[in-house]
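What follows is the content of final.tsv, which has TSV, C-alpha atoms:
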chain	number	residue	atom	x	y	z
A	1	MET	CA	-36.25	-16.24	12.59
A	2	GLY	CA	-36.22	-14.01	15.62
A	3	ASP	CA	-32.42	-13.93	16.12
A	4	VAL	CA	-31.47	-11.02	18.28
A	5	ALA	CA	-28.18	-9.41	19.23
A	6	ALA	CA	-27.64	-8.20	22.77
A	7	VAL	CA	-26.19	-4.70	22.69
A	8	PHE	CA	-25.07	-1.90	24.95
A	9	ARG	CA	-26.84	1.21	23.71
A	10	MET	CA	-25.37	4.66	24.22
A	11	ASP	CA	-27.52	7.69	23.45
A	12	LEU	CA	-25.23	10.14	21.69
A	13	GLY	CA	-27.85	12.80	21.07
A	14	THR	CA	-29.05	12.58	17.50
A	15	PHE	CA	-28.18	8.90	17.20
A	16	ASP	CA	-27.37	5.81	19.24
A	17	LEU	CA	-24.19	3.84	19.34
A	18	LEU	CA	-24.60	0.08	19.75
A	19	LEU	CA	-21.82	-2.10	21.12
A	20	PRO	CA	-22.39	-5.83	20.63
A	21	ALA	CA	-22.56	-7.34	24.11
A	22	SER	CA	-21.03	-10.60	22.87
A	23	ASP	CA	-17.77	-8.72	22.23
A	24	PHE	CA	-17.38	-8.30	26.00
A	25	CYS	CA	-16.96	-10.72	28.86
A	26	GLY	CA	-17.95	-8.34	31.60
A	27	LEU	CA	-18.20	-4.82	32.93
A	28	ALA	CA	-16.31	-3.16	35.75
A	29	VAL	CA	-16.86	0.16	37.43
A	30	LEU	CA	-13.62	2.08	37.84
A	31	PRO	CA	-13.19	3.52	41.31
A	32	GLY	CA	-12.94	7.30	41.68
A	33	SER	CA	-13.71	10.04	39.21
A	34	GLY	CA	-10.17	11.14	38.35
A	35	ASP	CA	-7.91	10.23	35.47
A	36	ILE	CA	-8.26	6.80	33.96
A	37	PRO	CA	-5.14	4.68	34.49
A	38	ALA	CA	-3.48	2.99	31.53
A	39	ARG	CA	-4.08	-0.45	33.02
A	40	GLY	CA	-6.49	-2.06	35.41
A	41	ASP	CA	-6.88	-5.40	37.19
A	42	PHE	CA	-10.24	-7.07	36.79
A	43	LYS	CA	-11.17	-10.65	37.59
A	44	GLY	CA	-7.52	-11.50	38.17
A	45	ARG	CA	-6.35	-10.25	34.77
A	46	LYS	CA	-4.46	-7.13	33.79
A	47	TYR	CA	-6.32	-5.13	31.14
A	48	GLU	CA	-5.08	-2.37	28.92
A	49	LEU	CA	-7.62	0.45	29.29
A	50	LEU	CA	-8.58	2.21	26.05
A	51	LEU	CA	-10.51	5.45	26.32
A	52	LEU	CA	-13.64	5.26	24.22
A	53	ASP	CA	-14.98	8.76	24.86
A	54	PRO	CA	-12.23	10.86	23.22
A	55	ALA	CA	-12.37	8.60	20.17
A	56	LEU	CA	-16.13	9.00	19.89
A	57	GLU	CA	-15.87	12.75	20.43
A	58	GLY	CA	-13.28	13.02	17.68
A	59	LEU	CA	-15.14	10.76	15.28
A	60	PHE	CA	-18.61	12.22	15.70
A	61	GLY	CA	-17.79	15.77	16.83
A	62	LEU	CA	-19.49	15.24	20.18
A	63	GLU	CA	-19.29	17.48	23.20
A	64	PRO	CA	-16.84	16.09	25.76
A	65	CYS	CA	-18.40	13.75	28.27
A	66	THR	CA	-19.13	15.21	31.71
A	67	ALA	CA	-16.03	14.88	33.82
A	68	GLY	CA	-16.54	13.28	37.18
A	69	SER	CA	-19.21	10.83	36.14
A	70	GLU	CA	-18.52	7.19	36.86
A	71	ALA	CA	-16.35	5.35	34.34
A	72	VAL	CA	-17.20	1.83	33.25
A	73	ALA	CA	-14.74	-0.60	31.67
A	74	PHE	CA	-16.18	-2.88	29.00
A	75	LEU	CA	-13.92	-5.92	29.19
A	76	ALA	CA	-13.21	-7.24	25.71
A	77	ALA	CA	-13.96	-10.91	25.26
A	78	GLY	CA	-11.09	-11.59	22.87
A	79	ARG	CA	-8.45	-14.21	23.59
A	80	ASP	CA	-5.69	-11.65	23.09
A	81	GLU	CA	-2.40	-12.08	24.92
A	82	SER	CA	-2.90	-8.56	26.19
A	83	PRO	CA	-6.51	-8.20	27.31
A	84	ARG	CA	-8.07	-4.82	26.75
A	85	ALA	CA	-11.06	-2.94	28.02
A	86	PHE	CA	-12.88	0.06	26.60
A	87	VAL	CA	-13.57	2.76	29.15
A	88	SER	CA	-16.43	5.21	28.90
A	89	ARG	CA	-18.16	7.66	31.20
A	90	ARG	CA	-21.22	7.78	28.96
A	91	ALA	CA	-24.50	6.34	30.19
A	92	PHE	CA	-25.63	3.15	28.51
A	93	GLU	CA	-28.37	0.60	28.73
A	94	ILE	CA	-28.54	-3.05	27.76
A	95	GLY	CA	-30.96	-4.08	25.05
A	96	ALA	CA	-31.62	-6.57	22.29
A	97	VAL	CA	-31.95	-5.81	18.60
A	98	PRO	CA	-33.30	-8.16	15.92
A	99	LEU	CA	-30.44	-9.10	13.59
A	100	ARG	CA	-32.66	-8.61	10.56
A	101	ASP	CA	-32.88	-4.89	11.43
A	102	PHE	CA	-29.21	-4.25	10.76
A	103	ARG	CA	-28.09	-2.89	7.42
A	104	LEU	CA	-24.56	-2.82	6.04
A	105	PRO	CA	-23.18	0.51	4.80
A	106	PRO	CA	-23.36	1.19	1.06
A	107	ARG	CA	-20.40	-0.35	-0.78
A	108	GLY	CA	-18.62	2.93	-1.61
A	109	ILE	CA	-18.17	3.92	2.03
A	110	LYS	CA	-18.19	0.50	3.69
A	111	ALA	CA	-14.43	-0.08	3.92
A	112	SER	CA	-13.71	3.43	5.10
A	113	LEU	CA	-16.32	3.24	7.85
A	114	ALA	CA	-15.19	-0.26	8.84
A	115	ARG	CA	-11.65	1.02	9.40
A	116	ARG	CA	-13.15	3.37	11.98
A	117	GLY	CA	-15.20	0.61	13.59
A	118	LEU	CA	-18.56	1.55	12.08
A	119	MET	CA	-19.91	-1.76	10.90
A	120	ALA	CA	-23.67	-1.54	10.39
A	121	PHE	CA	-26.70	0.69	10.79
A	122	ARG	CA	-30.19	0.34	12.11
A	123	PHE	CA	-33.10	2.65	11.53
A	124	ALA	CA	-35.02	2.12	14.75
A	125	THR	CA	-38.65	2.95	15.40
A	126	GLY	CA	-39.30	6.64	14.80
A	127	GLN	CA	-36.34	6.75	12.40
A	128	ARG	CA	-33.85	6.81	15.27
A	129	PHE	CA	-30.47	6.20	13.67
A	130	GLN	CA	-28.28	3.60	15.32
A	131	ILE	CA	-24.69	2.71	14.49
A	132	LEU	CA	-23.19	-0.66	15.36
A	133	LEU	CA	-19.61	-0.18	16.51
A	134	ASP	CA	-16.94	-2.86	16.36
A	135	PRO	CA	-14.72	-2.03	19.31
A	136	GLY	CA	-12.02	-4.34	17.95
A	137	ALA	CA	-11.73	-2.27	14.77
A	138	LEU	CA	-11.75	0.91	16.80
A	139	ALA	CA	-9.03	-0.40	19.10
A	140	SER	CA	-6.13	0.19	16.74
A	141	GLY	CA	-7.17	3.84	16.53
A	142	LEU	CA	-7.56	4.05	20.26
A	143	ARG	CA	-4.13	2.69	21.06
A	144	GLY	CA	-1.79	5.60	21.62
A	145	GLU	CA	-4.64	8.07	22.21
A	146	LYS	CA	-3.79	10.80	24.67
A	147	GLY	CA	-4.51	9.72	28.21
A	148	ALA	CA	-4.52	6.02	27.45
A	149	GLY	CA	-0.78	5.59	27.35
A	150	PRO	CA	1.38	4.37	30.20
B	1	MET	CA	-47.05	-8.11	-21.85
B	2	SER	CA	-44.49	-6.44	-19.63
B	3	ALA	CA	-43.85	-2.70	-19.47
B	4	GLU	CA	-40.64	-3.24	-21.44
B	5	ASP	CA	-42.58	-5.14	-24.13
B	6	ILE	CA	-45.11	-2.31	-24.33
B	7	VAL	CA	-42.36	0.32	-24.63
B	8	ARG	CA	-40.62	-1.73	-27.32
B	9	ALA	CA	-43.93	-2.04	-29.18
B	10	ILE	CA	-44.56	1.71	-28.94
B	11	GLU	CA	-41.04	2.47	-30.13
B	12	GLY	CA	-41.64	0.24	-33.12
B	13	MET	CA	-44.79	2.12	-34.14
B	14	PRO	CA	-44.57	4.45	-37.16
B	15	GLY	CA	-43.97	8.07	-36.21
B	16	GLN	CA	-42.23	7.38	-32.92
B	17	GLU	CA	-38.79	7.54	-34.39
B	18	VAL	CA	-39.46	11.08	-35.58
B	19	GLN	CA	-39.51	12.31	-31.96
B	20	GLU	CA	-36.23	10.61	-31.27
B	21	GLU	CA	-34.36	12.03	-34.19
B	22	SER	CA	-33.25	15.54	-34.83
B	23	ALA	CA	-32.88	17.09	-38.22
B	24	ALA	CA	-29.21	16.30	-37.98
B	25	GLY	CA	-29.96	12.68	-37.19
B	26	GLU	CA	-29.10	11.15	-33.85
B	27	SER	CA	-30.42	12.45	-30.57
B	28	LEU	CA	-30.04	11.46	-26.92
B	29	ARG	CA	-32.40	11.57	-23.97
B	30	PHE	CA	-31.39	13.08	-20.65
B	31	PHE	CA	-33.00	13.37	-17.27
B	32	ILE	CA	-32.57	17.03	-16.29
B	33	PHE	CA	-32.75	18.17	-12.68
B	34	SER	CA	-31.85	21.23	-10.67
B	35	VAL	CA	-29.62	21.66	-7.67
B	36	GLY	CA	-30.22	25.19	-6.44
B	37	ASP	CA	-30.21	27.32	-9.58
B	38	ALA	CA	-27.96	24.97	-11.55
B	39	TYR	CA	-29.16	22.29	-13.95
B	40	PHE	CA	-27.52	18.90	-14.33
B	41	ALA	CA	-28.28	15.95	-16.58
B	42	LEU	CA	-28.03	12.19	-16.31
B	43	PRO	CA	-28.91	9.39	-18.69
B	44	PRO	CA	-32.51	8.53	-17.72
B	45	GLU	CA	-31.64	4.89	-17.13
B	46	SER	CA	-29.15	5.85	-14.43
B	47	VAL	CA	-31.93	7.08	-12.13
B	48	ARG	CA	-33.94	4.34	-10.49
B	49	GLU	CA	-36.25	6.43	-8.37
B	50	ILE	CA	-36.94	9.93	-7.07
B	51	VAL	CA	-37.75	10.12	-3.36
B	52	SER	CA	-38.53	13.08	-1.15
B	53	ASP	CA	-39.10	13.99	2.49
B	54	LEU	CA	-36.28	11.81	3.77
B	55	GLU	CA	-34.06	12.74	6.66
B	56	ILE	CA	-30.31	12.73	6.12
B	57	PHE	CA	-28.45	10.89	8.86
B	58	PRO	CA	-24.97	12.41	9.20
B	59	LEU	CA	-21.94	10.14	8.98
B	60	PRO	CA	-18.49	10.71	10.41
B	61	ALA	CA	-15.24	10.62	8.47
B	62	CYS	CA	-16.74	11.37	5.06
B	63	PRO	CA	-15.86	14.21	2.66
B	64	PRO	CA	-18.01	17.37	2.98
B	65	TYR	CA	-19.98	16.48	-0.14
B	66	ILE	CA	-21.32	13.39	1.62
B	67	PRO	CA	-23.82	14.84	4.11
B	68	GLY	CA	-24.81	11.36	5.26
B	69	LEU	CA	-27.24	8.57	4.55
B	70	ILE	CA	-30.90	8.33	3.69
B	71	ASN	CA	-33.08	5.40	4.59
B	72	CYS	CA	-34.67	4.50	1.28
B	73	HIS	CA	-37.08	1.59	1.74
B	74	GLY	CA	-35.01	0.31	4.65
B	75	THR	CA	-31.70	0.40	2.77
B	76	PRO	CA	-29.03	2.99	3.60
B	77	HIS	CA	-28.01	5.08	0.60
B	78	THR	CA	-24.96	7.34	0.51
B	79	VAL	CA	-26.10	10.88	-0.29
B	80	PHE	CA	-23.98	13.10	-2.52
B	81	SER	CA	-24.41	16.86	-2.37
B	82	LEU	CA	-23.56	18.11	-5.86
B	83	MET	CA	-23.80	21.67	-4.56
B	84	VAL	CA	-20.94	21.01	-2.14
B	85	LEU	CA	-18.98	18.94	-4.64
B	86	PHE	CA	-19.10	21.50	-7.43
B	87	ARG	CA	-19.65	24.84	-5.65
B	88	ASN	CA	-18.58	24.21	-2.09
B	89	GLU	CA	-21.95	25.54	-0.92
B	90	ARG	CA	-24.24	23.81	1.55
B	91	ASP	CA	-27.76	22.93	0.45
B	92	THR	CA	-30.84	21.21	1.80
B	93	PRO	CA	-32.06	18.85	-0.90
B	94	ALA	CA	-35.81	18.55	-1.28
B	95	GLN	CA	-35.54	15.34	-3.27
B	96	PHE	CA	-33.10	12.52	-3.84
B	97	LEU	CA	-32.30	10.80	-7.10
B	98	VAL	CA	-31.69	7.16	-6.27
B	99	LEU	CA	-29.16	5.89	-8.77
B	100	ASN	CA	-29.51	2.65	-10.62
B	101	LEU	CA	-26.22	0.98	-9.69
B	102	PRO	CA	-25.56	-2.75	-9.71
B	103	ASP	CA	-23.36	-2.87	-6.62
B	104	ASP	CA	-23.88	0.25	-4.53
B	105	HIS	CA	-26.64	2.36	-2.99
B	106	VAL	CA	-26.22	6.01	-3.83
B	107	ALA	CA	-28.52	9.02	-4.10
B	108	PHE	CA	-27.87	12.54	-5.41
B	109	GLY	CA	-29.58	15.35	-3.56
B	110	CYS	CA	-31.58	17.59	-5.87
B	111	THR	CA	-33.90	20.57	-5.71
B	112	GLU	CA	-36.31	19.62	-8.47
B	113	ALA	CA	-36.70	17.08	-11.25
B	114	ILE	CA	-37.18	19.15	-14.39
B	115	GLU	CA	-37.89	16.81	-17.30
B	116	ILE	CA	-36.61	14.10	-19.57
B	117	ALA	CA	-35.50	15.95	-22.69
B	118	THR	CA	-34.42	14.76	-26.11
B	119	ILE	CA	-31.26	16.58	-27.11
B	120	PRO	CA	-29.78	16.54	-30.62
B	121	ALA	CA	-26.39	14.86	-30.44
B	122	ALA	CA	-24.92	17.65	-32.53
B	123	SER	CA	-25.63	20.18	-29.79
B	124	ILE	CA	-23.81	18.20	-27.11
B	125	SER	CA	-20.26	19.40	-26.66
B	126	THR	CA	-17.55	17.31	-25.07
B	127	PHE	CA	-14.48	18.29	-23.12
B	128	PRO	CA	-10.85	18.06	-24.18
B	129	GLU	CA	-9.23	14.83	-23.00
B	130	GLY	CA	-7.28	15.36	-19.81
B	131	ASP	CA	-9.27	18.45	-18.76
B	132	ALA	CA	-9.17	17.93	-14.99
B	133	GLY	CA	-11.87	20.52	-14.33
B	134	SER	CA	-14.42	18.56	-16.33
B	135	ARG	CA	-13.60	15.06	-15.17
B	136	HIS	CA	-16.99	14.69	-13.49
B	137	PHE	CA	-18.85	15.40	-16.74
B	138	THR	CA	-19.25	13.62	-20.04
B	139	GLY	CA	-20.67	16.54	-21.99
B	140	LEU	CA	-22.54	19.81	-22.00
B	141	PHE	CA	-25.65	20.96	-23.86
B	142	PRO	CA	-27.82	24.06	-24.01
B	143	PHE	CA	-31.21	23.82	-22.37
B	144	SER	CA	-33.62	26.49	-21.20
B	145	GLY	CA	-31.00	29.22	-21.36
B	146	GLN	CA	-28.42	27.23	-19.39
B	147	ARG	CA	-25.43	25.10	-20.28
B	148	VAL	CA	-26.30	21.79	-18.68
B	149	PRO	CA	-23.45	19.43	-17.75
B	150	VAL	CA	-24.00	15.70	-18.11
B	151	LEU	CA	-22.75	13.99	-14.97
B	152	SER	CA	-20.40	11.04	-15.12
B	153	VAL	CA	-21.60	8.81	-12.31
B	154	PRO	CA	-18.50	6.54	-12.42
B	155	GLU	CA	-16.19	9.56	-12.10
B	156	ILE	CA	-18.20	11.00	-9.19
B	157	LEU	CA	-18.07	7.65	-7.41
B	158	ARG	CA	-14.35	7.44	-8.14
B	159	GLN	CA	-13.89	10.84	-6.52
B	160	LEU	CA	-15.34	9.48	-3.28
B	161	GLU	CA	-13.13	6.41	-3.53
B	162	LEU	CA	-10.07	8.65	-3.91
B	163	ASP	CA	-11.09	10.95	-1.08
B	164	LEU	CA	-11.71	8.08	1.32
B	165	GLY	CA	-8.30	6.63	0.50
Could you render the structure as structure tokens?
Amino acid sequence: MGDVAAVFRMDLGTFDLLLPASDFCGLAVLPGSGDIPARGDFKGRKYELLLLDPALEGLFGLEPCTAGSEAVAFLAAGRDESPRAFVSRRAFEIGAVPLRDFRLPPRGIKASLARRGLMAFRFATGQRFQILLDPGALASGLRGEKGAGP
Amino acid sequence: MSAEDIVRAIEGMPGQEVQEESAAGESLRFFIFSVGDAYFALPPESVREIVSDLEIFPLPACPPYIPGLINCHGTPHTVFSLMVLFRNERDTPAQFLVLNLPDDHVAFGCTEAIEIATIPAASISTFPEGDAGSRHFTGLFPFSGQRVPVLSVPEILRQLELDLG
């Protein structure tokens, strides 16, 4: 009873995107406001940088994120041989969500959404719709995205 | 005595069978509803609940006839727009028919629930086997000046499965 999941919450207008905090081992602010490099060094490790914003814009039909705002790298916690980080310029906040609030997608669309990283939903207070994103599942789609390549 | 017991008892009473049988013999009951100006029918047992005043939460990467999800008693249900599926026209459903499915949560958007009608089996026409244009329907019957198609829920769900790949 009372189990909660720590999440990074991004307000995407009509809904929120939730990234499970436990999928990341840290955050890093990228210096400058120019193009995002393909790789970055954080905490003594080389990370492949995957651009989250274009993927979200394509998936949800969002307006492009304001250029020039500070980019943050979410460092993936996986034990991959090639560490990766998800980079976004979108504002986020850290919060906690009761696990019992999450709902899995209906069976008929579950697999299709999971392939795109959409794992679960939450209908928050006031009917605010929240989508739990699995950045690992999204990663395969992100690899090779324009701007993220070497 | 449960509701089912009561219904069974009522069905067993003399006179009840007269309402269920046409002059030609067998008859079938259908739940008839409208989507815009079109009528559709479903077997009554395939509808679990009718809900209204629910917001549709859009979903990405779904076919156009899936406008999104509704939150029905805390459970997400995939919404099908029959208007988009069959006419390629957008609609704003006033109500949702929550389907009675064993392993999925699905709702059809609808304009209005009309009635549960008893239709003589002889007046229900079927489609030629292999008729691709009618694959979403199991039959057709006249009602209130319209030809009402009977929806095949499995075929409509299969359509989504095919479209999602």
(message) Please report the interatomic distance between atom CA of Gly108 of chain A and atom CA of Phe80 of chain B in Å with one decimal.
(response)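 Atom-to-atom, atom CA of Gly108 of chain A and atom CA of Phe80 of chain B are spaced 11.5 Å apart.
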(request) Find, counting all atoms listed in the file, the residue in A:Ala6, A:Ile94, A:Leu49, A:Ala111 that gets nearest to chain B. (result)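 The closest residue to chain B is A:Ala111.
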Please check the contacts: residues of chain B at most 6 Å away from chain A, using only C-alpha atoms, listed as a compact mmCIF listing (two decimals) with C-alpha atoms, in the frame of the given file.
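So part-v1.txt came out as:
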# COMPACT_ATOMS: atom_id res chain seq x y z
CA PRO B 60 -18.49 10.71 10.41
CA ASP B 104 -23.88 0.25 -4.53
CA HIS B 105 -26.64 2.36 -2.99
(request) May I have the protein, DNA and RNA residues with any atom at most 6 Å from the point (-17.2, -5.8, 33.9), counting all atoms listed in the file, written as an NGL selection string? (result) :A and (26-28 or 74-75)
(message) If I take atom CA of Cys110 of chain B and atom CA of Leu12 of chain A, how far is one from the other in Å, to one decimal?
(response)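 Taking atom CA of Cys110 of chain B as the start and atom CA of Leu12 of chain A as the end point, the length is 29.2 Å.
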(request) Would you please work out which residue, of B:Val153, B:Leu69, B:Leu82, B:Ile32, is nearest to Arg135 of chain B when using only C-alpha atoms? (result)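 Selected residue with least distance to Arg135 of chain B: B:Val153.
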(request) Using all atoms listed in the file, pick whichever of A:Ala114, A:Val87, A:Leu138, A:Cys65 has the shortest atom-to-atom distance to Gly13 of chain A. (result)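 Comparing A:Ala114, A:Val87, A:Leu138, A:Cys65 against Gly13 of chain A, the winner is A:Cys65.
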(request) In Å, rounded to a single decimal, give me how far atom CA of Thr138 of chain B is from atom CA of Ala107 of chain B. (result)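 Atom-to-atom, atom CA of Ala107 of chain B to atom CA of Thr138 of chain B, that is 19.0 Å.
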(request) In the coordinate frame of the file, compute which residues have an atom within 12 Å of (-28.4, -5.7, 30.3) when using only C-alpha atoms, and state them as a list in words. (result) Ala5, Ala6, Val7, Phe8, Arg9, Leu19, Pro20, Ala21, Ser22, Gly26, Leu27, Phe92, Glu93, Ile94, Gly95 and Ala96 of chain A
(request) Would you mind telling me which residue in A:Ile36, A:Phe42, A:Ala71, A:Arg100 lies nearest to Ala124 of chain A when using all atoms listed in the file? (result)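 Nearest candidate to Ala124 of chain A out of A:Ile36, A:Phe42, A:Ala71, A:Arg100: A:Arg100.
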Produce the centre coordinates and the three edge lengths, each in Å to one decimal, of the box along x, y and z that contains all listed atoms of segment 154-159 of chain B with 5 Å added on each side, as lines of an AutoDock Vina configuration file.
center_x = -16.2
center_y = 8.8
center_z = -9.5
size_x = 14.6
size_y = 14.5
size_z = 15.9
Could N, CA, C and O atoms be built for segment 49-72 of chain A and written out as an mmCIF file, in the frame of the given file?
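Listing of result03.cif after writing:
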data_model
loop_
_atom_site.group_PDB
_atom_site.id
_atom_site.type_symbol
_atom_site.label_atom_id
_atom_site.label_comp_id
_atom_site.auth_asym_id
_atom_site.auth_seq_id
_atom_site.Cartn_x
_atom_site.Cartn_y
_atom_site.Cartn_z
ATOM 1 N N LEU A 49 -6.388 -0.356 29.309
ATOM 2 C CA LEU A 49 -7.620 0.450 29.290
ATOM 3 C C LEU A 49 -7.571 1.450 28.132
ATOM 4 O O LEU A 49 -6.674 2.294 28.059
ATOM 5 N N LEU A 50 -8.519 1.326 27.227
ATOM 6 C CA LEU A 50 -8.580 2.210 26.050
ATOM 7 C C LEU A 50 -9.756 3.169 26.225
ATOM 8 O O LEU A 50 -10.882 2.741 26.502
ATOM 9 N N LEU A 51 -9.475 4.443 26.085
ATOM 10 C CA LEU A 51 -10.510 5.450 26.320
ATOM 11 C C LEU A 51 -11.429 5.572 25.107
ATOM 12 O O LEU A 51 -10.998 5.978 24.027
ATOM 13 N N LEU A 52 -12.673 5.223 25.313
ATOM 14 C CA LEU A 52 -13.640 5.260 24.220
ATOM 15 C C LEU A 52 -14.137 6.688 23.947
ATOM 16 O O LEU A 52 -14.322 7.083 22.795
ATOM 17 N N ASP A 53 -14.322 7.455 25.022
ATOM 18 C CA ASP A 53 -14.980 8.760 24.860
ATOM 19 C C ASP A 53 -14.224 9.740 23.953
ATOM 20 O O ASP A 53 -14.842 10.346 23.070
ATOM 21 N N PRO A 54 -12.912 9.924 24.127
ATOM 22 C CA PRO A 54 -12.230 10.860 23.220
ATOM 23 C C PRO A 54 -12.308 10.421 21.760
ATOM 24 O O PRO A 54 -12.408 11.256 20.861
ATOM 25 N N ALA A 55 -12.272 9.096 21.546
ATOM 26 C CA ALA A 55 -12.370 8.600 20.170
ATOM 27 C C ALA A 55 -13.738 8.912 19.578
ATOM 28 O O ALA A 55 -13.853 9.349 18.429
ATOM 29 N N LEU A 56 -14.779 8.715 20.380
ATOM 30 C CA LEU A 56 -16.130 9.000 19.890
ATOM 31 C C LEU A 56 -16.311 10.501 19.660
ATOM 32 O O LEU A 56 -16.946 10.921 18.690
ATOM 33 N N GLU A 57 -15.752 11.292 20.574
ATOM 34 C CA GLU A 57 -15.870 12.750 20.430
ATOM 35 C C GLU A 57 -15.173 13.218 19.152
ATOM 36 O O GLU A 57 -15.692 14.068 18.428
ATOM 37 N N GLY A 58 -14.004 12.645 18.887
ATOM 38 C CA GLY A 58 -13.280 13.020 17.680
ATOM 39 C C GLY A 58 -13.989 12.561 16.415
ATOM 40 O O GLY A 58 -14.076 13.287 15.434
ATOM 41 N N LEU A 59 -14.512 11.355 16.470
ATOM 42 C CA LEU A 59 -15.140 10.760 15.280
ATOM 43 C C LEU A 59 -16.465 11.444 14.938
ATOM 44 O O LEU A 59 -16.756 11.733 13.781
ATOM 45 N N PHE A 60 -17.270 11.695 15.956
ATOM 46 C CA PHE A 60 -18.610 12.220 15.700
ATOM 47 C C PHE A 60 -18.767 13.701 16.032
ATOM 48 O O PHE A 60 -19.856 14.243 15.899
ATOM 49 N N GLY A 61 -17.691 14.355 16.472
ATOM 50 C CA GLY A 61 -17.790 15.770 16.830
ATOM 51 C C GLY A 61 -18.682 16.005 18.025
ATOM 52 O O GLY A 61 -19.439 16.981 18.051
ATOM 53 N N LEU A 62 -18.616 15.129 19.002
ATOM 54 C CA LEU A 62 -19.490 15.240 20.180
ATOM 55 C C LEU A 62 -18.879 16.176 21.214
ATOM 56 O O LEU A 62 -17.658 16.369 21.254
ATOM 57 N N GLU A 63 -19.759 16.716 22.052
ATOM 58 C CA GLU A 63 -19.290 17.480 23.200
ATOM 59 C C GLU A 63 -18.577 16.508 24.139
ATOM 60 O O GLU A 63 -18.994 15.348 24.270
ATOM 61 N N PRO A 64 -17.521 16.973 24.817
ATOM 62 C CA PRO A 64 -16.840 16.090 25.760
ATOM 63 C C PRO A 64 -17.799 15.592 26.839
ATOM 64 O O PRO A 64 -18.708 16.311 27.247
ATOM 65 N N CYS A 65 -17.561 14.366 27.249
ATOM 66 C CA CYS A 65 -18.400 13.750 28.270
ATOM 67 C C CYS A 65 -18.173 14.457 29.606
ATOM 68 O O CYS A 65 -17.069 14.915 29.894
ATOM 69 N N THR A 66 -19.227 14.527 30.417
ATOM 70 C CA THR A 66 -19.130 15.210 31.710
ATOM 71 C C THR A 66 -18.040 14.568 32.569
ATOM 72 O O THR A 66 -18.086 13.377 32.854
ATOM 73 N N ALA A 67 -17.089 15.396 32.950
ATOM 74 C CA ALA A 67 -16.030 14.880 33.820
ATOM 75 C C ALA A 67 -16.617 14.582 35.192
ATOM 76 O O ALA A 67 -17.556 15.238 35.634
ATOM 77 N N GLY A 68 -16.086 13.592 35.832
ATOM 78 C CA GLY A 68 -16.540 13.280 37.180
ATOM 79 C C GLY A 68 -17.577 12.187 37.237
ATOM 80 O O GLY A 68 -17.799 11.594 38.290
ATOM 81 N N SER A 69 -18.245 11.918 36.098
ATOM 82 C CA SER A 69 -19.210 10.830 36.140
ATOM 83 C C SER A 69 -18.455 9.497 36.171
ATOM 84 O O SER A 69 -17.298 9.407 35.769
ATOM 85 N N GLU A 70 -19.143 8.493 36.639
ATOM 86 C CA GLU A 70 -18.520 7.190 36.860
ATOM 87 C C GLU A 70 -18.053 6.556 35.534
ATOM 88 O O GLU A 70 -18.774 6.594 34.542
ATOM 89 N N ALA A 71 -16.858 6.000 35.548
ATOM 90 C CA ALA A 71 -16.350 5.350 34.340
ATOM 91 C C ALA A 71 -16.579 3.839 34.427
ATOM 92 O O ALA A 71 -16.410 3.238 35.500
ATOM 93 N N VAL A 72 -16.973 3.279 33.315
ATOM 94 C CA VAL A 72 -17.200 1.830 33.250
ATOM 95 C C VAL A 72 -16.237 1.230 32.233
ATOM 96 O O VAL A 72 -16.045 1.795 31.152
#
